[in-house]
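This is target_6.txt. It holds compact mmCIF, C-alpha atoms.
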```txt
# COMPACT_ATOMS: atom_id res chain seq x y z
CA MET A 1 -12.36 -43.55 -2.41
CA ASN A 2 -13.92 -46.15 -4.66
CA LEU A 3 -11.87 -47.72 -7.43
CA VAL A 4 -13.91 -48.33 -10.58
CA ALA A 5 -12.29 -50.61 -13.16
CA GLN A 6 -13.80 -51.46 -16.52
CA GLY A 7 -12.86 -52.53 -20.01
CA PRO A 8 -14.38 -54.17 -23.09
CA ALA A 9 -12.92 -57.57 -22.16
CA MET A 10 -12.79 -57.33 -18.35
CA THR A 11 -14.10 -60.40 -16.52
CA GLU A 12 -14.94 -61.27 -12.94
CA ALA A 13 -11.67 -63.20 -12.81
CA ASP A 14 -9.82 -60.01 -13.76
CA ALA A 15 -11.68 -58.17 -11.00
CA ALA A 16 -10.62 -60.80 -8.47
CA ALA A 17 -7.01 -60.45 -9.59
CA LEU A 18 -7.20 -56.66 -9.34
CA ALA A 19 -8.67 -56.94 -5.85
CA LEU A 20 -5.46 -58.70 -4.80
CA VAL A 21 -3.29 -56.01 -6.41
CA ALA A 22 -5.34 -53.25 -4.81
CA GLU A 23 -5.60 -55.06 -1.48
CA ALA A 24 -9.36 -54.61 -1.63
CA LYS A 25 -11.64 -56.55 0.69
CA GLY A 26 -14.04 -57.26 -2.14
CA PHE A 27 -15.80 -55.88 -5.17
CA ARG A 28 -19.15 -55.77 -6.86
CA ARG A 29 -20.27 -55.46 -10.44
CA ALA A 30 -20.89 -51.88 -11.63
CA GLY A 31 -21.82 -52.82 -15.21
CA GLU A 32 -21.51 -55.66 -17.67
CA ARG A 33 -17.73 -55.20 -17.87
CA ALA A 34 -17.24 -52.89 -14.89
CA PHE A 35 -16.44 -53.47 -11.22
CA ARG A 36 -16.39 -51.28 -8.12
CA PHE A 37 -13.96 -51.71 -5.22
CA HIS A 38 -14.99 -49.82 -2.06
CA ASN A 39 -12.62 -47.94 0.26
CA VAL A 40 -9.40 -48.73 -1.58
CA GLU A 41 -6.11 -46.98 -0.89
CA ARG A 42 -4.35 -45.53 -3.90
CA SER A 43 -1.41 -47.64 -5.01
CA SER A 44 1.24 -47.21 -7.70
CA LYS A 45 0.66 -50.85 -8.69
CA ILE A 46 -2.88 -50.32 -9.98
CA ALA A 47 -2.32 -48.09 -13.04
CA PRO A 48 0.30 -50.32 -14.74
CA TRP A 49 -1.74 -53.46 -13.98
CA CYS A 50 -4.79 -51.92 -15.65
CA ALA A 51 -2.88 -50.47 -18.60
CA ALA A 52 -1.30 -53.83 -19.39
CA ARG A 53 -4.79 -55.36 -19.66
CA GLN A 54 -6.57 -52.45 -21.42
CA VAL A 55 -8.66 -51.76 -18.33
CA ASP A 56 -9.75 -48.23 -17.48
CA HIS A 57 -9.61 -47.27 -13.82
CA ALA A 58 -10.91 -44.25 -11.92
CA TRP A 59 -10.93 -43.03 -8.34
CA ILE A 60 -14.41 -41.83 -7.42
CA PRO A 61 -15.56 -40.48 -4.04
CA GLU A 62 -17.90 -42.75 -2.11
CA GLY A 63 -21.60 -42.00 -2.55
CA ARG A 64 -21.50 -40.33 -5.99
CA ARG A 65 -24.79 -41.26 -7.70
CA PHE A 66 -25.69 -40.64 -11.34
CA ALA A 67 -29.25 -39.76 -10.27
CA ASP A 68 -27.90 -36.79 -8.30
CA LEU A 69 -26.46 -35.09 -11.40
CA LYS A 70 -28.10 -32.08 -13.03
CA LEU A 71 -25.89 -31.53 -16.10
CA LEU A 72 -23.73 -33.67 -18.36
CA ALA A 73 -21.77 -31.86 -21.07
CA LEU A 74 -19.86 -33.57 -23.84
CA ASP A 75 -17.87 -32.70 -26.91
CA MET A 76 -19.17 -33.84 -30.30
CA ASP A 77 -16.29 -34.80 -32.61
CA SER A 78 -14.48 -38.00 -31.55
CA THR A 79 -16.54 -38.04 -28.35
CA LEU A 80 -20.28 -38.28 -28.99
CA ILE A 81 -19.52 -39.32 -32.57
CA THR A 82 -16.64 -41.40 -33.91
CA MET A 83 -15.22 -38.93 -36.41
CA GLU A 84 -13.98 -35.37 -36.84
CA THR A 85 -16.62 -33.79 -39.07
CA ILE A 86 -14.25 -31.19 -40.51
CA ASP A 87 -11.82 -33.93 -41.56
CA GLU A 88 -14.62 -35.75 -43.41
CA LEU A 89 -15.71 -32.51 -45.10
CA GLY A 90 -12.08 -32.10 -46.07
CA ASP A 91 -12.21 -35.55 -47.63
CA CYS A 92 -15.14 -34.39 -49.78
CA ALA A 93 -13.06 -31.37 -50.83
CA GLY A 94 -9.96 -33.47 -51.55
CA ARG A 95 -8.07 -31.80 -48.68
CA LYS A 96 -8.40 -34.35 -45.89
CA PRO A 97 -4.67 -34.95 -45.14
CA GLU A 98 -3.99 -31.22 -44.77
CA ILE A 99 -7.06 -30.62 -42.60
CA ALA A 100 -6.56 -33.73 -40.47
CA ALA A 101 -2.96 -32.73 -39.71
CA ILE A 102 -4.10 -29.30 -38.46
CA THR A 103 -6.92 -30.95 -36.44
CA ALA A 104 -4.46 -33.28 -34.71
CA GLN A 105 -2.14 -30.39 -33.81
CA ALA A 106 -5.04 -28.38 -32.39
CA MET A 107 -6.38 -31.28 -30.31
CA ARG A 108 -2.91 -31.82 -28.81
CA GLY A 109 -2.79 -28.15 -27.89
CA GLU A 110 0.21 -27.48 -30.15
CA ILE A 111 -1.39 -24.61 -32.08
CA ASP A 112 -3.98 -21.95 -31.26
CA TYR A 113 -7.44 -23.46 -31.75
CA PRO A 114 -9.23 -20.43 -33.27
CA GLU A 115 -6.52 -19.94 -35.85
CA SER A 116 -6.40 -23.67 -36.60
CA LEU A 117 -10.15 -23.70 -37.21
CA ARG A 118 -10.01 -20.71 -39.53
CA ARG A 119 -7.19 -22.35 -41.51
CA ARG A 120 -9.15 -25.59 -41.86
CA VAL A 121 -12.39 -23.86 -42.83
CA ARG A 122 -10.56 -21.86 -45.52
CA LEU A 123 -9.53 -25.16 -47.09
CA LEU A 124 -13.24 -26.00 -47.52
CA ALA A 125 -13.90 -22.98 -49.75
CA GLY A 126 -15.82 -24.00 -52.87
CA LEU A 127 -17.16 -27.26 -51.46
CA GLU A 128 -20.83 -27.91 -52.26
CA ALA A 129 -22.97 -27.26 -49.18
CA SER A 130 -24.77 -30.53 -49.93
CA ALA A 131 -21.61 -32.35 -48.79
CA LEU A 132 -22.65 -31.72 -45.17
CA GLN A 133 -25.73 -33.88 -45.62
CA ARG A 134 -23.68 -36.60 -47.34
CA VAL A 135 -21.24 -36.68 -44.43
CA TYR A 136 -24.11 -36.89 -41.94
CA ASP A 137 -25.88 -39.67 -43.86
CA GLN A 138 -22.87 -41.77 -44.84
CA LYS A 139 -20.13 -41.22 -42.27
CA LEU A 140 -21.55 -39.98 -38.97
CA HIS A 141 -21.81 -42.74 -36.35
CA LEU A 142 -22.47 -42.48 -32.64
CA THR A 143 -19.66 -43.62 -30.37
CA PRO A 144 -20.32 -47.03 -28.75
CA GLY A 145 -22.19 -46.53 -25.49
CA ALA A 146 -23.51 -43.09 -26.46
CA GLU A 147 -27.14 -44.16 -26.53
CA THR A 148 -26.79 -45.89 -23.15
CA LEU A 149 -25.33 -42.72 -21.62
CA ILE A 150 -28.04 -40.52 -23.11
CA ALA A 151 -30.78 -42.92 -21.97
CA ALA A 152 -29.39 -42.79 -18.42
CA CYS A 153 -29.48 -38.98 -18.51
CA LYS A 154 -33.09 -38.98 -19.64
CA ARG A 155 -34.08 -41.62 -17.07
CA HIS A 156 -32.65 -39.56 -14.22
CA GLY A 157 -33.55 -36.08 -15.49
CA VAL A 158 -29.96 -35.05 -16.21
CA LYS A 159 -29.78 -32.24 -18.79
CA LEU A 160 -27.48 -32.71 -21.80
CA LEU A 161 -25.20 -30.05 -23.28
CA LEU A 162 -23.42 -30.76 -26.58
CA VAL A 163 -20.45 -28.47 -27.18
CA SER A 164 -18.49 -28.41 -30.40
CA GLY A 165 -15.83 -26.50 -32.25
CA GLY A 166 -17.49 -28.21 -35.23
CA PHE A 167 -20.59 -27.12 -37.01
CA THR A 168 -24.20 -26.25 -36.28
CA PHE A 169 -25.42 -28.36 -39.21
CA PHE A 170 -24.40 -31.48 -37.28
CA THR A 171 -25.20 -30.38 -33.70
CA ASP A 172 -28.70 -29.33 -34.75
CA LYS A 173 -29.39 -32.72 -36.30
CA LEU A 174 -28.02 -34.59 -33.27
CA LYS A 175 -30.01 -32.38 -30.91
CA ALA A 176 -33.25 -33.28 -32.67
CA ARG A 177 -32.34 -36.94 -33.11
CA LEU A 178 -31.16 -37.59 -29.55
CA GLY A 179 -33.24 -35.11 -27.56
CA ILE A 180 -30.25 -33.04 -26.42
CA ASP A 181 -31.20 -29.99 -24.34
CA TYR A 182 -28.48 -27.46 -25.21
CA THR A 183 -25.88 -27.04 -27.95
CA ILE A 184 -23.15 -24.63 -29.00
CA SER A 185 -21.13 -24.83 -32.22
CA ASN A 186 -19.86 -22.89 -35.24
CA THR A 187 -21.83 -21.93 -38.35
CA LEU A 188 -20.33 -22.32 -41.82
CA GLU A 189 -21.07 -19.58 -44.34
CA ALA A 190 -22.45 -20.70 -47.69
CA LYS A 191 -23.34 -18.72 -50.82
CA ASP A 192 -24.86 -20.01 -54.03
CA GLY A 193 -24.81 -23.57 -52.69
CA ARG A 194 -21.10 -23.63 -51.85
CA LEU A 195 -19.07 -23.02 -48.70
CA THR A 196 -17.19 -19.73 -48.70
CA GLY A 197 -14.39 -20.84 -46.40
CA LYS A 198 -15.63 -18.52 -43.64
CA LEU A 199 -17.59 -18.80 -40.40
CA LEU A 200 -20.61 -16.77 -39.35
CA GLY A 201 -20.85 -15.15 -35.93
CA HIS A 202 -18.61 -15.76 -32.93
CA LEU A 203 -16.12 -18.59 -33.11
CA VAL A 204 -16.68 -21.40 -30.60
CA ASP A 205 -13.36 -22.11 -28.91
CA ALA A 206 -12.31 -23.28 -25.44
CA ASP A 207 -13.52 -20.06 -23.80
CA ALA A 208 -16.90 -20.24 -25.54
CA LYS A 209 -17.38 -23.87 -24.48
CA ALA A 210 -16.58 -22.98 -20.87
CA ALA A 211 -18.87 -19.93 -20.95
CA LYS A 212 -21.77 -21.99 -22.29
CA PHE A 213 -21.20 -24.64 -19.62
CA SER A 214 -21.22 -21.95 -16.92
CA SER A 215 -24.40 -20.34 -18.24
CA VAL A 216 -26.27 -23.67 -18.27
CA VAL A 217 -25.01 -24.48 -14.77
CA GLU A 218 -26.35 -21.12 -13.60
CA GLU A 219 -29.68 -21.67 -15.37
CA LEU A 220 -30.08 -25.08 -13.72
CA LYS A 221 -28.89 -23.77 -10.34
CA ALA A 222 -26.52 -26.73 -10.23
CA GLU A 223 -23.70 -27.21 -7.75
CA ARG A 224 -20.29 -28.19 -9.11
CA HIS A 225 -20.57 -31.76 -7.80
CA GLU A 226 -23.79 -32.14 -9.80
CA THR A 227 -22.02 -31.71 -13.15
CA VAL A 228 -19.93 -33.83 -15.51
CA ALA A 229 -17.94 -32.75 -18.58
CA ILE A 230 -16.52 -35.16 -21.17
CA GLY A 231 -13.99 -34.25 -23.85
CA ASP A 232 -10.99 -35.40 -25.83
CA GLY A 233 -9.09 -32.31 -26.97
CA ALA A 234 -7.22 -29.35 -25.52
CA ASN A 235 -10.10 -27.02 -26.38
CA ASP A 236 -12.31 -28.95 -23.92
CA LEU A 237 -10.04 -28.38 -20.93
CA LYS A 238 -11.44 -25.05 -19.73
CA MET A 239 -14.97 -26.49 -19.70
CA MET A 240 -13.80 -29.69 -18.03
CA ALA A 241 -12.07 -27.71 -15.27
CA LEU A 242 -15.45 -26.29 -14.22
CA ALA A 243 -17.14 -29.68 -13.74
CA GLY A 244 -17.43 -31.77 -10.63
CA LEU A 245 -16.15 -34.76 -12.61
CA SER A 246 -14.18 -34.40 -15.84
CA VAL A 247 -13.70 -37.42 -18.09
CA ALA A 248 -10.99 -37.59 -20.74
CA PHE A 249 -12.55 -39.81 -23.40
CA HIS A 250 -10.09 -41.57 -25.74
CA ALA A 251 -8.23 -38.32 -25.30
CA LYS A 252 -4.91 -36.70 -26.03
CA PRO A 253 -2.24 -36.92 -23.27
CA VAL A 254 -2.63 -33.24 -22.33
CA VAL A 255 -6.31 -33.88 -21.59
CA ARG A 256 -5.77 -37.14 -19.70
CA ALA A 257 -3.23 -35.39 -17.48
CA GLN A 258 -5.71 -32.75 -16.33
CA ALA A 259 -8.99 -34.70 -16.14
CA SER A 260 -10.49 -36.33 -13.05
CA CYS A 261 -10.30 -39.67 -14.84
CA ALA A 262 -9.85 -41.16 -18.30
CA LEU A 263 -11.62 -43.75 -20.42
CA ALA A 264 -9.19 -45.05 -23.03
CA TRP A 265 -10.81 -48.39 -23.94
CA SER A 266 -14.40 -48.27 -22.67
CA GLY A 267 -17.36 -46.72 -24.51
CA LEU A 268 -19.39 -43.74 -23.33
CA ASP A 269 -21.52 -46.07 -21.22
CA GLY A 270 -18.42 -46.29 -19.06
CA VAL A 271 -19.32 -42.84 -17.70
CA VAL A 272 -22.50 -44.27 -16.19
CA ASN A 273 -20.49 -47.04 -14.53
CA LEU A 274 -18.38 -44.49 -12.66
CA PHE A 275 -21.37 -43.63 -10.50
CA GLU A 276 -23.29 -45.65 -7.96
```
Turn the structure described in the file into structure tokens.
Amino acid sequence: MNLVAQGPAMTEADAAALALVAEAKGFRRAGERAFRFHNVERSSKIAPWCAARQVDHAWIPEGRRFADLKLLALDMDSTLITMETIDELGDCAGRKPEIAAITAQAMRGEIDYPESLRRRVRLLAGLEASALQRVYDQKLHLTPGAETLIAACKRHGVKLLLVSGGFTFFTDKLKARLGIDYTISNTLEAKDGRLTGKLLGHLVDADAKAAKFSSVVEELKAERHETVAIGDGANDLKMMALAGLSVAFHAKPVVRAQASCALAWSGLDGVVNLFE
């Protein structure tokens, strides 16, 4: 296995120190703040060393190349973008604390996601539909490293799937802006210029995310090892379990525990660094 270590402040001196801890024969740079150690034995010393220095580490099979991928899927809220869109809509409605508390419970897997979403959407009833555009214009920001990751996908012909328990208004705009190939998300109902507090059509939950991932994999005729899935919440886990590499991105403990690897301090460009 290769050990990939990276972090926003990691230096070559840190890599040399980690090589001693890992008993690695050497290392090479995998990115500006990322280093790859070839043929390293797993050791219980590595994780605490990295955690103490805010360094992400991952065990990746030898020979995994980004150019060999066919599909990369990622969640939207708190993954591709820095915020939870429903929380910010709740702010516009004066209900942000209530909505954010339900969001946090759902992402930790403490309450049923479909029911949590319906409860949060009900709290938006009466909000002007124009608030969605205000949130997009004023509060939506891409996660650091997102553009680097997307550029790498386009350079190597890797298809992009954006999955979200959030809303079509935002996924549609990001699809057009970033050139994303596939999306799935929920649609808010609006009447007379205001949100009704209801959703239209089928609710996008963990099962729907996984089903969409599977259908795109089938369309692309991709093998499992040619796919990556990135998420942060419990409702991403079923999709992530289908991928050749699953990445828990600044994620809840339940997600980190089940993913192939986790990025807690690096940006989304850190996903590119995992591959040769």
Point out the residue among A:Thr168, A:Ser266, A:Asn235, A:Ser246 with the least atom-to-atom distance to Arg108 in chain A, counting all atoms listed in the file. A:Asn235
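Near Val272 in chain A, within 7 Å and counting all atoms listed in the file, sit Phe66, Leu149, Asp269 and Phe275 of chain A, not including residues fewer than 3 positions from it in the same chain.
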d(CA of Ser116 in chain A, CA of Ile102 in chain A) in Å: 6.4 Å
Excluding range 257-259 of chain A and its own-chain neighbours fewer than 4 positions away, which residues fall within 9 Å of it when counting all atoms listed in the file? Please give them as a PyMOL selection string. chain A and resi 237+240-241+245-248+252-253
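Ranking A:Ala152, A:Met107, A:Ala19, A:Ala222 by their shortest atom-to-atom distance to Ala251 in chain A, with all atoms listed in the file included, puts A:Met107 first.
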Got a sec: who's within 10 Å of Asp236 in chain A, counting only C-alpha atoms, leaving out chain neighbours fewer than 5 positions off, as a PyMOL selection string? chain A and resi 74-75+107+163-165+205-210+229-231+241+246+248+255
State, in Å with one decimal place, the distance from CA of Leu123 in chain A to CA of Asp192 in chain A. 17.6 Å
